[in-house]
file structure.cif (mmCIF, C-alpha atoms)
data_structure
loop_
_atom_site.label_atom_id
_atom_site.label_comp_id
_atom_site.auth_asym_id
_atom_site.auth_seq_id
_atom_site.Cartn_x
_atom_site.Cartn_y
_atom_site.Cartn_z
CA MET V 1 123.31 141.15 145.71
CA SER V 2 125.65 141.73 142.82
CA ALA V 3 125.68 139.43 139.82
CA LEU V 4 129.21 138.25 140.69
CA ARG V 5 128.20 137.39 144.20
CA MET V 6 125.17 135.45 142.91
CA LEU V 7 127.40 133.47 140.55
CA ILE V 8 129.88 132.60 143.30
CA THR V 9 127.09 131.55 145.65
CA GLY V 10 125.69 129.35 142.91
CA LEU V 11 129.05 127.70 142.28
CA VAL V 12 129.56 127.04 145.97
CA VAL V 13 126.13 125.48 146.32
CA PHE V 14 126.79 123.32 143.23
CA ALA V 15 130.21 122.20 144.51
CA ALA V 16 128.75 121.32 147.90
CA ALA V 17 126.00 119.31 146.31
CA THR V 18 128.47 117.47 144.11
CA LEU V 19 130.82 116.69 147.00
CA GLY V 20 127.89 115.57 149.10
CA ALA V 21 126.80 113.26 146.35
CA CYS V 22 130.29 111.73 146.07
CA LYS V 23 130.56 111.28 149.81
CA SER V 24 127.25 109.45 150.02
CA GLY V 25 128.96 106.69 148.01
CA GLY V 26 127.46 103.87 145.82
CA GLY V 27 124.99 105.06 143.15
CA PHE V 28 125.96 108.78 143.16
CA SER V 29 122.59 109.70 144.66
CA VAL V 30 121.66 113.35 144.92
CA GLU V 31 118.49 113.16 146.96
CA ASN V 32 116.01 111.30 144.73
CA ILE V 33 117.97 111.28 141.49
CA ASN V 34 120.07 108.22 140.76
CA LEU V 35 122.87 109.44 138.52
CA ASP V 36 123.76 105.90 137.52
CA THR V 37 120.41 105.56 135.84
CA VAL V 38 120.74 108.93 134.16
CA VAL V 39 124.20 108.16 132.83
CA LYS V 40 122.99 104.81 131.54
CA SER V 41 119.95 106.23 129.79
CA VAL V 42 121.98 109.00 128.17
CA GLY V 43 124.35 106.31 126.91
CA ASN V 44 121.42 104.45 125.40
CA LEU V 45 120.15 107.43 123.49
CA ARG V 46 123.21 107.64 121.33
CA GLN V 47 122.70 106.71 117.70
CA VAL V 48 123.37 103.09 116.86
CA LYS V 49 125.61 102.97 113.81
CA GLU V 50 124.52 100.96 110.78
CA PRO V 51 127.05 98.09 111.15
CA GLU V 52 125.89 97.66 114.76
CA GLU V 53 122.27 97.75 113.66
CA ILE V 54 122.96 94.96 111.16
CA GLN V 55 124.75 92.86 113.81
CA ILE V 56 121.84 93.31 116.19
CA GLY V 57 119.34 92.39 113.45
CA ASP V 58 121.46 89.37 112.62
CA GLY V 59 121.15 88.10 116.16
CA MET V 60 117.44 88.86 116.34
CA ALA V 61 116.77 87.07 113.05
CA GLU V 62 118.58 83.98 114.40
CA THR V 63 116.16 83.95 117.31
CA LEU V 64 113.11 84.41 115.05
CA LEU V 65 114.31 81.59 112.80
CA GLY V 66 114.85 79.46 115.90
CA ALA V 67 111.11 79.63 116.56
CA SER V 68 110.23 78.50 113.04
CA PRO V 69 112.71 77.45 110.33
CA LEU V 70 112.57 78.55 106.69
CA LEU V 71 110.23 76.77 104.32
CA ASP V 72 112.12 74.36 102.08
CA ASP V 73 111.08 75.93 98.76
CA PRO V 74 114.07 77.67 97.12
CA GLU V 75 112.00 78.87 94.16
CA LEU V 76 109.50 80.62 96.43
CA GLN V 77 112.28 82.02 98.66
CA LYS V 78 114.07 83.56 95.66
CA TYR V 79 110.76 84.96 94.38
CA VAL V 80 109.95 86.65 97.70
CA ASN V 81 113.51 88.02 97.83
CA GLY V 82 113.11 89.43 94.31
CA ILE V 83 109.92 91.29 95.21
CA GLY V 84 111.23 92.30 98.63
CA MET V 85 114.46 93.75 97.27
CA TRP V 86 112.60 95.61 94.53
CA VAL V 87 110.24 97.16 97.10
CA ALA V 88 113.12 97.92 99.50
CA LEU V 89 114.94 99.75 96.69
CA GLN V 90 112.09 102.28 96.76
CA SER V 91 112.83 103.11 100.42
CA GLU V 92 115.32 105.55 101.99
CA ARG V 93 117.65 102.66 102.81
CA PRO V 94 118.16 100.76 99.54
CA ASN V 95 121.72 99.81 100.45
CA LEU V 96 120.99 97.73 103.54
CA PRO V 97 121.73 94.00 103.17
CA TRP V 98 118.06 93.07 102.72
CA HIS V 99 117.06 89.47 103.41
CA PHE V 100 113.56 88.08 102.96
CA GLY V 101 112.27 84.65 103.93
CA VAL V 102 109.15 82.55 104.27
CA ASN V 103 109.11 80.42 107.40
CA SER V 104 107.28 77.12 107.90
CA SER V 105 104.63 78.41 110.28
CA ASP V 106 100.91 77.99 109.60
CA HIS V 107 100.25 81.07 111.71
CA ILE V 108 99.39 84.30 109.90
CA ASN V 109 102.06 86.90 110.58
CA ALA V 110 105.13 88.72 109.29
CA PHE V 111 108.20 90.07 111.10
CA ALA V 112 111.02 92.50 110.55
CA ALA V 113 114.35 92.83 112.35
CA PRO V 114 116.87 95.70 112.25
CA GLY V 115 119.37 95.89 109.44
CA GLY V 116 117.08 94.51 106.74
CA TYR V 117 115.52 91.21 107.83
CA VAL V 118 111.93 90.38 106.87
CA ILE V 119 110.22 87.05 107.53
CA VAL V 120 106.71 86.17 106.36
CA THR V 121 104.92 83.05 107.60
CA LYS V 122 103.68 80.36 105.22
CA GLY V 123 100.24 80.96 106.75
CA MET V 124 100.36 84.62 105.65
CA MET V 125 101.48 83.65 102.13
CA MET V 126 98.41 81.44 101.85
CA GLN V 127 96.09 84.32 102.73
CA LEU V 128 97.43 86.47 99.88
CA ARG V 129 96.00 86.58 96.37
CA ASN V 130 98.60 88.39 94.33
CA GLU V 131 102.00 90.07 94.23
CA ALA V 132 100.57 93.53 95.02
CA GLU V 133 99.29 92.18 98.34
CA LEU V 134 102.65 90.56 99.08
CA ALA V 135 104.41 93.81 98.12
CA GLY V 136 102.15 95.67 100.57
CA VAL V 137 102.93 93.25 103.41
CA LEU V 138 106.66 93.41 102.64
CA GLY V 139 106.45 97.22 102.38
CA HIS V 140 104.93 97.33 105.87
CA GLU V 141 107.79 95.22 107.26
CA ILE V 142 110.46 97.11 105.30
CA SER V 143 109.28 100.35 106.88
CA HIS V 144 109.71 98.87 110.38
CA VAL V 145 113.38 98.53 109.38
CA THR V 146 113.82 101.89 107.65
CA ARG V 147 112.15 103.72 110.56
CA LYS V 148 114.14 101.61 113.10
CA HIS V 149 111.00 100.71 115.05
CA HIS V 150 112.45 97.57 116.67
CA LEU V 151 115.80 99.17 117.33
CA ASN V 152 114.17 102.10 119.09
CA ALA V 153 111.95 99.75 121.10
CA LEU V 154 115.10 97.87 122.22
CA ARG V 155 116.82 101.12 123.18
CA LYS V 156 113.88 101.86 125.45
CA SER V 157 114.01 98.39 127.01
CA ALA V 158 116.46 96.22 128.86
CA LEU V 159 119.08 95.88 126.17
CA VAL V 160 120.83 99.02 127.27
CA ASN V 161 124.27 97.72 128.22
CA LEU V 162 124.82 96.04 124.91
CA LEU V 163 123.99 99.13 122.89
CA GLY V 164 125.77 101.46 125.28
CA GLU V 165 129.06 99.62 125.01
CA GLY V 166 128.88 99.30 121.27
CA VAL V 167 128.40 96.05 119.48
CA SER V 168 131.35 94.24 118.09
CA ALA V 169 131.01 90.78 116.71
CA ALA V 170 134.18 90.34 114.73
CA THR V 171 134.77 86.88 116.12
CA ASP V 172 132.45 83.90 116.31
CA SER V 173 132.58 83.78 120.07
CA LYS V 174 131.66 87.46 120.32
CA HIS V 175 128.83 86.90 117.88
CA ALA V 176 127.55 83.96 119.92
CA GLU V 177 127.66 86.12 123.02
CA LEU V 178 125.70 88.86 121.22
CA VAL V 179 123.04 86.41 120.04
CA LYS V 180 122.78 84.99 123.55
CA GLN V 181 122.32 88.43 125.07
CA LEU V 182 119.79 89.42 122.42
CA ALA V 183 117.62 86.28 122.61
CA GLY V 184 115.67 87.26 125.73
CA PRO V 185 114.88 90.89 124.77
CA THR V 186 114.09 89.75 121.20
CA LYS V 187 111.53 87.19 122.35
CA GLU V 188 110.04 89.69 124.75
CA LEU V 189 109.78 92.38 122.07
CA TYR V 190 108.18 90.14 119.42
CA ALA V 191 105.75 88.67 121.95
CA ARG V 192 104.76 92.15 123.15
CA GLY V 193 104.77 93.94 119.80
CA LEU V 194 105.65 97.49 118.82
CA ASP V 195 103.77 100.66 119.71
CA LYS V 196 100.48 100.99 117.84
CA SER V 197 101.71 104.24 116.29
CA ASP V 198 104.64 102.32 114.72
CA GLU V 199 102.19 99.86 113.14
CA PHE V 200 100.01 102.65 111.73
CA GLU V 201 103.11 104.37 110.33
CA ALA V 202 104.28 101.09 108.75
CA ASP V 203 100.87 100.72 107.05
CA ARG V 204 101.09 104.24 105.61
CA ILE V 205 104.63 103.72 104.35
CA GLY V 206 103.94 100.16 103.16
CA VAL V 207 101.24 101.21 100.69
CA VAL V 208 103.48 103.96 99.32
CA LEU V 209 106.50 101.66 98.87
CA ALA V 210 104.30 99.17 96.97
CA ALA V 211 102.99 102.04 94.81
CA ARG V 212 106.54 103.28 94.11
CA ALA V 213 107.48 99.73 93.09
CA GLY V 214 104.78 99.92 90.42
CA TYR V 215 102.14 97.79 92.13
CA ASP V 216 98.48 98.45 92.82
CA PRO V 217 98.81 100.33 96.15
CA TYR V 218 95.62 98.74 97.45
CA GLY V 219 97.37 95.41 98.08
CA LEU V 220 97.95 95.99 101.79
CA PRO V 221 94.44 97.42 102.38
CA ALA V 222 93.03 94.35 100.57
CA VAL V 223 94.99 92.09 102.97
CA LEU V 224 93.58 94.03 105.92
CA THR V 225 90.01 93.71 104.56
CA THR V 226 90.61 89.94 104.49
CA LEU V 227 92.14 89.74 107.97
CA ALA V 228 89.25 91.84 109.29
CA THR V 229 86.86 88.97 108.54
CA ALA V 230 88.85 86.36 110.46
CA ASP V 231 87.81 85.16 113.87
CA PRO V 232 89.94 87.11 116.39
CA LYS V 233 89.99 84.06 118.64
CA ASP V 234 91.60 81.94 115.96
CA ASN V 235 94.83 80.36 117.20
CA PHE V 236 96.55 81.12 113.92
CA LEU V 237 96.06 84.82 114.43
CA SER V 238 96.72 84.98 118.17
CA LEU V 239 100.19 86.54 118.03
CA LEU V 240 99.29 88.90 115.16
CA TYR V 241 96.24 90.13 117.09
CA LYS V 242 98.16 90.44 120.34
CA THR V 243 100.94 92.48 118.78
CA HIS V 244 99.02 94.62 116.25
CA PRO V 245 95.98 96.89 116.36
CA LEU V 246 92.87 95.15 114.95
CA PRO V 247 92.71 95.13 111.12
CA GLN V 248 89.54 97.23 111.18
CA VAL V 249 91.26 99.92 113.26
CA ARG V 250 94.27 99.83 110.92
CA LEU V 251 91.94 100.29 107.92
CA ASP V 252 90.19 103.19 109.64
CA LYS V 253 93.54 104.88 110.32
CA LEU V 254 94.85 104.24 106.82
CA ALA V 255 91.73 105.18 104.85
CA PRO V 256 91.96 109.02 105.01
CA GLY V 257 95.48 108.99 103.56
CA LEU V 258 94.68 106.70 100.65
CA GLY V 259 92.95 109.41 98.62
CA THR V 260 96.22 110.44 96.94
CA LEU V 261 96.67 106.88 95.65
CA ASP V 262 93.18 106.46 94.21
CA GLY V 263 93.99 107.37 90.65
CA ILE V 264 96.78 104.82 90.29
CA LYS V 265 96.11 101.97 87.92
CA ALA V 266 98.88 99.45 88.39
CA PRO V 267 99.26 95.67 88.15
CA GLN V 268 98.55 93.14 90.89
CA ASN V 269 100.43 90.29 89.18
CA ALA V 270 98.10 87.58 90.33
CA SER V 271 99.25 84.95 87.84
CA ARG V 272 102.94 84.96 88.78
CA PHE V 273 102.04 84.89 92.47
CA GLN V 274 99.58 82.03 92.06
CA LEU V 275 102.11 80.03 90.06
CA LEU V 276 104.89 80.46 92.61
CA THR V 277 102.68 79.69 95.61
CA ARG V 278 100.82 76.73 94.07
CA LYS V 279 102.90 74.19 96.00
CA LEU V 280 101.66 75.67 99.29
CA ARG V 281 98.04 75.26 98.30
CA VAL V 282 98.57 71.76 96.92
CA ALA V 283 100.32 70.69 100.14
CA ALA V 284 97.52 72.23 102.25
CA SER V 285 94.79 70.41 100.35
CA GLN V 286 96.38 66.98 100.85
CA MET S 18 99.46 72.06 71.77
CA GLY S 19 102.89 73.65 71.68
CA LYS S 20 105.34 73.56 74.54
CA ARG S 21 104.66 77.21 75.24
CA THR S 22 100.87 76.92 75.34
CA LEU S 23 100.59 74.62 78.34
CA PRO S 24 102.34 76.87 80.88
CA PHE S 25 100.33 79.79 79.52
CA LEU S 26 97.02 77.94 80.00
CA LEU S 27 98.13 76.88 83.44
CA LEU S 28 98.80 80.51 84.29
CA VAL S 29 95.34 81.55 83.15
CA VAL S 30 93.60 78.76 85.05
CA LEU S 31 95.54 79.45 88.22
CA ALA S 32 94.89 83.18 87.97
CA LEU S 33 91.11 82.86 87.77
CA PRO S 34 90.21 81.87 91.34
CA ALA S 35 92.24 84.76 92.70
CA GLN S 36 90.34 87.37 90.77
CA ALA S 37 86.80 86.15 90.25
CA GLY S 38 84.11 84.56 92.30
CA GLU S 39 85.49 85.47 95.71
CA SER S 40 82.92 85.92 98.39
CA GLY S 41 82.64 88.62 100.99
CA PHE S 42 80.21 91.08 102.51
CA ALA S 43 79.54 94.81 102.82
CA ALA S 44 81.44 96.41 105.71
CA LYS S 45 78.68 99.03 106.06
CA ALA S 46 75.49 100.11 104.29
CA VAL S 47 76.78 101.23 100.91
CA ASP S 48 75.59 102.28 97.44
CA VAL S 49 76.51 100.08 94.50
CA LEU S 50 77.47 102.31 91.56
CA ALA S 51 77.21 101.70 87.83
CA ARG S 52 80.86 102.62 87.24
CA PRO S 53 84.01 102.85 89.41
CA ALA S 54 83.58 106.61 89.92
CA PRO S 55 82.11 108.56 92.86
CA ASN S 56 79.54 110.39 90.67
CA ALA S 57 78.28 107.29 88.85
CA PRO S 58 74.55 106.45 89.11
CA VAL S 59 73.47 104.25 92.02
CA VAL S 60 72.42 100.75 90.95
CA THR S 61 71.30 99.46 94.33
CA ARG S 62 72.07 99.78 98.03
CA LEU S 63 73.60 97.05 100.16
CA ALA S 64 72.87 96.62 103.84
CA LYS S 65 75.72 96.22 106.33
CA GLN S 66 76.90 92.59 106.37
CA GLN S 67 75.02 91.81 103.13
CA SER S 68 76.88 89.03 101.38
CA LEU S 69 78.24 89.58 97.92
CA GLU S 70 80.46 88.12 95.25
CA ILE S 71 83.60 89.99 94.24
CA LEU S 72 83.95 89.88 90.46
CA GLY S 73 87.11 91.93 90.15
CA ARG S 74 89.08 94.95 91.27
CA ASN S 75 90.08 98.20 89.69
CA GLY S 76 92.44 100.17 91.93
CA ASN S 77 90.45 101.26 94.96
CA TRP S 78 87.19 99.90 93.52
CA ALA S 79 85.74 96.40 93.74
CA GLN S 80 83.22 95.09 91.23
CA VAL S 81 80.59 93.20 93.17
CA LYS S 82 77.44 91.17 92.56
CA SER S 83 74.68 90.77 95.08
CA GLY S 84 71.56 88.91 94.00
CA ALA S 85 70.71 90.08 90.49
CA ALA S 86 72.42 93.46 90.87
CA SER S 87 76.04 94.18 90.12
CA GLY S 88 78.21 97.29 90.13
CA TRP S 89 81.08 99.00 91.91
CA VAL S 90 81.80 99.85 95.54
CA ARG S 91 84.92 101.21 97.19
CA LEU S 92 87.34 98.44 98.10
CA LEU S 93 87.49 99.53 101.73
CA ASP S 94 83.71 99.07 102.03
CA VAL S 95 84.06 95.38 101.18
CA ARG S 96 85.27 92.60 103.44
CA PHE S 97 86.78 89.61 101.68
CA ASN S 98 86.27 86.17 103.12
CA ALA S 99 89.73 84.68 103.65
CA PRO S 100 90.93 82.86 100.48
CA ALA S 101 92.57 80.01 102.37
CA LYS S 102 90.59 78.35 105.09
CA ILE S 103 92.44 78.61 108.37
CA ALA S 104 92.78 74.90 109.16
CA PRO S 105 89.45 74.42 110.96
CA ALA S 106 90.54 71.21 112.67
CA ALA S 107 93.06 73.14 114.73
CA LYS S 108 90.71 75.86 115.92
CA GLY S 109 90.46 76.04 119.68
CA LYS S 110 92.76 73.07 120.14
CA PRO S 111 96.35 73.13 121.30
CA LEU S 112 98.87 73.50 118.51
CA PHE S 113 101.20 70.74 117.33
CA ASN S 114 98.56 68.03 117.79
CA ASN S 115 97.97 67.45 114.12
CA GLY S 116 101.14 68.36 112.29
CA ILE S 117 100.40 72.10 112.41
CA ARG S 118 103.57 74.12 112.66
CA GLY S 119 103.20 77.28 114.60
CA PHE S 120 104.65 80.62 115.44
CA SER S 121 102.65 81.24 118.56
CA GLU S 122 103.90 83.20 121.52
CA GLU S 123 104.87 79.87 123.13
CA ASP S 124 106.90 78.81 120.07
CA LEU S 125 108.64 82.16 120.05
CA LEU S 126 109.58 81.95 123.71
CA ALA S 127 110.63 78.30 123.54
CA GLY S 128 112.81 78.61 120.41
CA THR S 129 116.60 78.76 120.43
CA PRO S 130 118.62 80.88 117.96
CA ASN S 131 119.37 79.02 114.74
CA ARG S 132 122.55 80.16 112.96
CA GLY S 133 122.14 77.58 110.20
CA GLU S 134 118.77 78.99 109.17
CA LEU S 135 120.22 82.50 109.07
CA GLU S 136 122.93 81.29 106.68
CA LYS S 137 120.23 79.70 104.52
CA LEU S 138 118.40 83.03 104.51
CA SER S 139 121.54 84.75 103.18
CA PHE S 140 121.80 82.14 100.45
CA TYR S 141 118.37 83.13 99.10
CA SER S 142 119.03 86.89 99.02
CA VAL S 143 118.84 88.66 95.65
CA PRO S 144 121.27 91.44 94.64
CA PRO S 145 119.69 94.80 93.65
CA LYS S 146 120.53 94.44 89.96
CA ASP S 147 118.70 91.10 89.81
CA ALA S 148 115.73 92.70 91.54
CA LEU S 149 115.63 95.34 88.79
CA GLY S 150 115.57 92.60 86.16
CA PHE S 151 112.93 90.76 88.13
CA ALA S 152 110.71 93.87 88.17
CA ARG S 153 111.27 94.56 84.49
CA ALA S 154 110.28 90.99 83.60
CA ALA S 155 106.98 91.50 85.40
CA GLY S 156 106.30 94.82 83.66
CA LEU S 157 106.64 96.80 86.89
CA LYS S 158 107.50 100.47 86.51
CA ALA S 159 108.76 102.48 89.46
CA ARG S 160 106.75 105.64 90.08
CA ARG S 161 107.23 108.74 92.20
CA GLN S 162 104.91 108.80 95.14
CA ASP S 163 105.05 110.97 98.25
CA TYR S 164 104.44 109.47 101.67
CA ILE S 165 100.96 109.94 103.03
CA GLU S 166 100.27 111.93 106.15
CA PRO S 167 98.66 110.38 109.19
CA GLY S 168 94.89 110.85 109.03
CA ASP S 169 93.06 112.68 111.78
CA TYR S 170 90.24 110.17 111.55
CA MET S 171 89.38 108.58 114.87
CA SER S 172 88.00 105.07 114.80
CA MET S 173 84.76 104.44 116.69
CA ASP S 174 86.71 101.93 118.80
CA GLU S 175 88.96 104.69 120.07
CA LEU S 176 86.29 107.14 121.18
CA PRO S 177 85.94 107.42 124.94
CA GLU S 178 82.89 105.59 126.28
CA ASP S 179 81.12 108.78 127.39
CA PHE S 180 81.71 110.57 124.05
CA PHE S 181 78.01 110.66 123.07
CA ASP S 182 76.65 111.27 126.57
CA GLU S 183 76.34 115.06 126.31
#

call {"tool": "encode", "arguments": {"input": "structure.cif", "output": "structure tokens"}}
result
Amino acid sequence: MSALRMLITGLVVFAAATLGACKSGGGFSVENINLDTVVKSVGNLRQVKEPEEIQIGDGMAETLLGASPLLDDPELQKYVNGIGMWVALQSERPNLPWHFGVNSSDHINAFAAPGGYVIVTKGMMMQLRNEAELAGVLGHEISHVTRKHHLNALRKSALVNLLGEGVSAATDSKHAELVKQLAGPTKELYARGLDKSDEFEADRIGVVLAARAGYDPYGLPAVLTTLATADPKDNFLSLLYKTHPLPQVRLDKLAPGLGTLDGIKAPQNASRFQLLTRKLRVAASQ
Amino acid sequence: MGKRTLPFLLLVVLALPAQAGESGFAAKAVDVLARPAPNAPVVTRLAKQQSLEILGRNGNWAQVKSGAASGWVRLLDVRFNAPAKIAPAAKGKPLFNNGIRGFSEEDLLAGTPNRGELEKLSFYSVPPKDALGFARAAGLKARRQDYIEPGDYMSMDELPEDFFDE
């Protein structure tokens, strides 16, 4: 069989298959492959542009803040934003509109949302001893944003139509519609958590961002050594434990990489941290 | 006492509990060294779970005291007891029964988006140039630091159950 003849045969077979698929109607099925699904998933794999990412994060942050409002302590909020922005400036995405907040929850946790949103619980703040530890926790969350962990998790999940069609929220009603559509997948994602590998990566990047910001890089490991002693059945840790690998496992994964940071002697800034968080401790002791 | 002295004293007093006298225990059997250096002479050996007092920290080293002996161990070999007690009254009981505000899975699922809080969040944000000033005021100096590679260490928890059977 000549090469030309092979090519023509191939084309004929292809055309027949395509026509057959069209004739079968609904769903464009070629035997077991549903082309609708393929087209949809290819659409989802396109890169989400930064303005869209920020709009999506905006909507997700609204949902997170709906579960627990911000703590009414402007001085502390500004302080956490100062540290957070300084740490974020050490990342690959210093120009995102970074927002940091402490919510009113007594649970121990911290969250990030695409586009530059980071929320730490009051309960987490009370477990920290100094600014280096806070910088480590914020660094971990910042890296979820810079590495687009949540955005990628959403692309893999049910939020496909929204991302495929492009997000536009120029008007209030469009924004409301976006937030409404995002609420379900957001809750599902934050209740389920990210892949373990994303959490390990965020730990590795978090310590480096804190080190670049001039802090003792052992802040985040120190937080993990504290969390490792807590009772895993504690209600206040339930969501953190459900959505993250155990602190001991995180320490084990992180430890081999920390060697390059061992020589660094850098401040922890305990006094400024203790001063700014004193109201939390006073309120808790009453 | 001058106007400036009081805040300074307050700072010192508040700083102390964070750095000294914290309690914890050894994460594994570990040598206590005379100095924060791997080759330093061994002062004593701690058993796994042996309780200790954390006197201070120096980078990746923690200065500890156990009984009469004191010295240095690697920070990752120490477990700190949590500095703030996790409200014991609420343990094992349903949330919201004693003024505790939560962020449990239930709270997350039950919440409705709050635009007002998002606007408040924007109000607190700090522009980059202020963050630079903020860092300078605290004596923080940016440094170059490469990202660290993922370790090939496998935690004991991750080993398959029949790993040691051979």

call {"tool": "resolve_selection", "arguments": {"input": "structure.cif", "expression": "the PyMOL selection byres ((chain S and resi 125-137) around 9)", "output": "ChimeraX atom specification"}}
result
/V:58-70,179-180,183-184,187-188,190-191 /S:120-124,138-141

call {"tool": "write_last_selection", "arguments": {"input": "structure.cif", "atoms": "C-alpha atoms", "output": "JSON list (two decimals), keeping the file's coordinate frame"}}
result
[["chain", "number", "residue", "atom", "x", "y", "z"],
["V", 58, "ASP", "CA", 121.46, 89.37, 112.62],
["V", 59, "GLY", "CA", 121.15, 88.10, 116.16],
["V", 60, "MET", "CA", 117.44, 88.86, 116.34],
["V", 61, "ALA", "CA", 116.77, 87.07, 113.05],
["V", 62, "GLU", "CA", 118.58, 83.98, 114.40],
["V", 63, "THR", "CA", 116.16, 83.95, 117.31],
["V", 64, "LEU", "CA", 113.11, 84.41, 115.05],
["V", 65, "LEU", "CA", 114.31, 81.59, 112.80],
["V", 66, "GLY", "CA", 114.85, 79.46, 115.90],
["V", 67, "ALA", "CA", 111.11, 79.63, 116.56],
["V", 68, "SER", "CA", 110.23, 78.50, 113.04],
["V", 69, "PRO", "CA", 112.71, 77.45, 110.33],
["V", 70, "LEU", "CA", 112.57, 78.55, 106.69],
["V", 179, "VAL", "CA", 123.04, 86.41, 120.04],
["V", 180, "LYS", "CA", 122.78, 84.99, 123.55],
["V", 183, "ALA", "CA", 117.62, 86.28, 122.61],
["V", 184, "GLY", "CA", 115.67, 87.26, 125.73],
["V", 187, "LYS", "CA", 111.53, 87.19, 122.35],
["V", 188, "GLU", "CA", 110.04, 89.69, 124.75],
["V", 190, "TYR", "CA", 108.18, 90.14, 119.42],
["V", 191, "ALA", "CA", 105.75, 88.67, 121.95],
["S", 120, "PHE", "CA", 104.65, 80.62, 115.44],
["S", 121, "SER", "CA", 102.65, 81.24, 118.56],
["S", 122, "GLU", "CA", 103.90, 83.20, 121.52],
["S", 123, "GLU", "CA", 104.87, 79.87, 123.13],
["S", 124, "ASP", "CA", 106.90, 78.81, 120.07],
["S", 138, "LEU", "CA", 118.40, 83.03, 104.51],
["S", 139, "SER", "CA", 121.54, 84.75, 103.18],
["S", 140, "PHE", "CA", 121.80, 82.14, 100.45],
["S", 141, "TYR", "CA", 118.37, 83.13, 99.10]]

call {"tool": "atom_distance", "arguments": {"input": "structure.cif", "atom1": "CA of Gly88 in chain S", "atom2": "CA of Asn130 in chain V"}}
result
22.6 Å

call {"tool": "atom_distance", "arguments": {"input": "structure.cif", "atom1": "CA of Arg160 in chain S", "atom2": "CA of Gly136 in chain V"}}
result
15.2 Å

call {"tool": "atom_distance", "arguments": {"input": "structure.cif", "atom1": "CA of Gly101 in chain V", "atom2": "CA of Arg278 in chain V"}}
result
17.1 Å

call {"tool": "residues_around", "arguments": {"input": "structure.cif", "residues": "Gly57 in chain V", "least_positions_apart": "4", "cutoff": "9 Å", "atoms": "all atoms listed in the file", "output": "PDB file with C-alpha atoms, in the frame of the given file"}}
result
ATOM      1  CA  GLU V  52     125.890  97.660 114.760  1.00  0.00           C
ATOM      2  CA  GLU V  53     122.270  97.750 113.660  1.00  0.00           C
ATOM      3  CA  ALA V  61     116.770  87.070 113.050  1.00  0.00           C
ATOM      4  CA  GLU V  62     118.580  83.980 114.400  1.00  0.00           C
ATOM      5  CA  ALA V 112     111.020  92.500 110.550  1.00  0.00           C
ATOM      6  CA  ALA V 113     114.350  92.830 112.350  1.00  0.00           C
ATOM      7  CA  PRO V 114     116.870  95.700 112.250  1.00  0.00           C
ATOM      8  CA  GLY V 115     119.370  95.890 109.440  1.00  0.00           C
ATOM      9  CA  GLY V 116     117.080  94.510 106.740  1.00  0.00           C
ATOM     10  CA  TYR V 117     115.520  91.210 107.830  1.00  0.00           C
ATOM     11  CA  LEU V 151     115.800  99.170 117.330  1.00  0.00           C
TER      12      LEU V 151
END

call {"tool": "closest_residue", "arguments": {"input": "structure.cif", "among": "S:Thr61, S:Gln80, S:Ser68, S:Asn98", "to": "chain V", "atoms": "all atoms listed in the file"}}
result
S:Asn98

call {"tool": "closest_residue", "arguments": {"input": "structure.cif", "among": "V:Leu194, V:Leu276, V:Ile54, V:Val145", "to": "Pro245 in chain V", "atoms": "only C-alpha atoms"}}
result
V:Leu194

call {"tool": "closest_residue", "arguments": {"input": "structure.cif", "among": "V:Phe200, V:Ala283, V:Ala135, V:Arg155", "to": "chain S", "atoms": "all atoms listed in the file"}}
result
V:Phe200

call {"tool": "residues_around", "arguments": {"input": "structure.cif", "residues": "range 254-262 of chain V", "least_positions_apart": "6", "cutoff": "12 Å", "atoms": "all atoms listed in the file", "output": "PyMOL selection string"}}
result
(chain V and resi 197+199-212+214-222+224-225+247-248) or (chain S and resi 53-55+75-78+91-94+160-172)

call {"tool": "closest_residue", "arguments": {"input": "structure.cif", "among": "S:Arg96, S:Arg153, S:Lys146, S:Arg62", "to": "chain V", "atoms": "all atoms listed in the file"}}
result
S:Arg96

call {"tool": "closest_residue", "arguments": {"input": "structure.cif", "among": "V:Val120, V:Leu178, V:Met85, V:Leu96", "to": "chain S", "atoms": "only C-alpha atoms"}}
result
V:Met85

call {"tool": "closest_residue", "arguments": {"input": "structure.cif", "among": "V:Leu154, V:Val87, V:Ile56, V:Leu134", "to": "chain S", "atoms": "all atoms listed in the file"}}
result
V:Val87
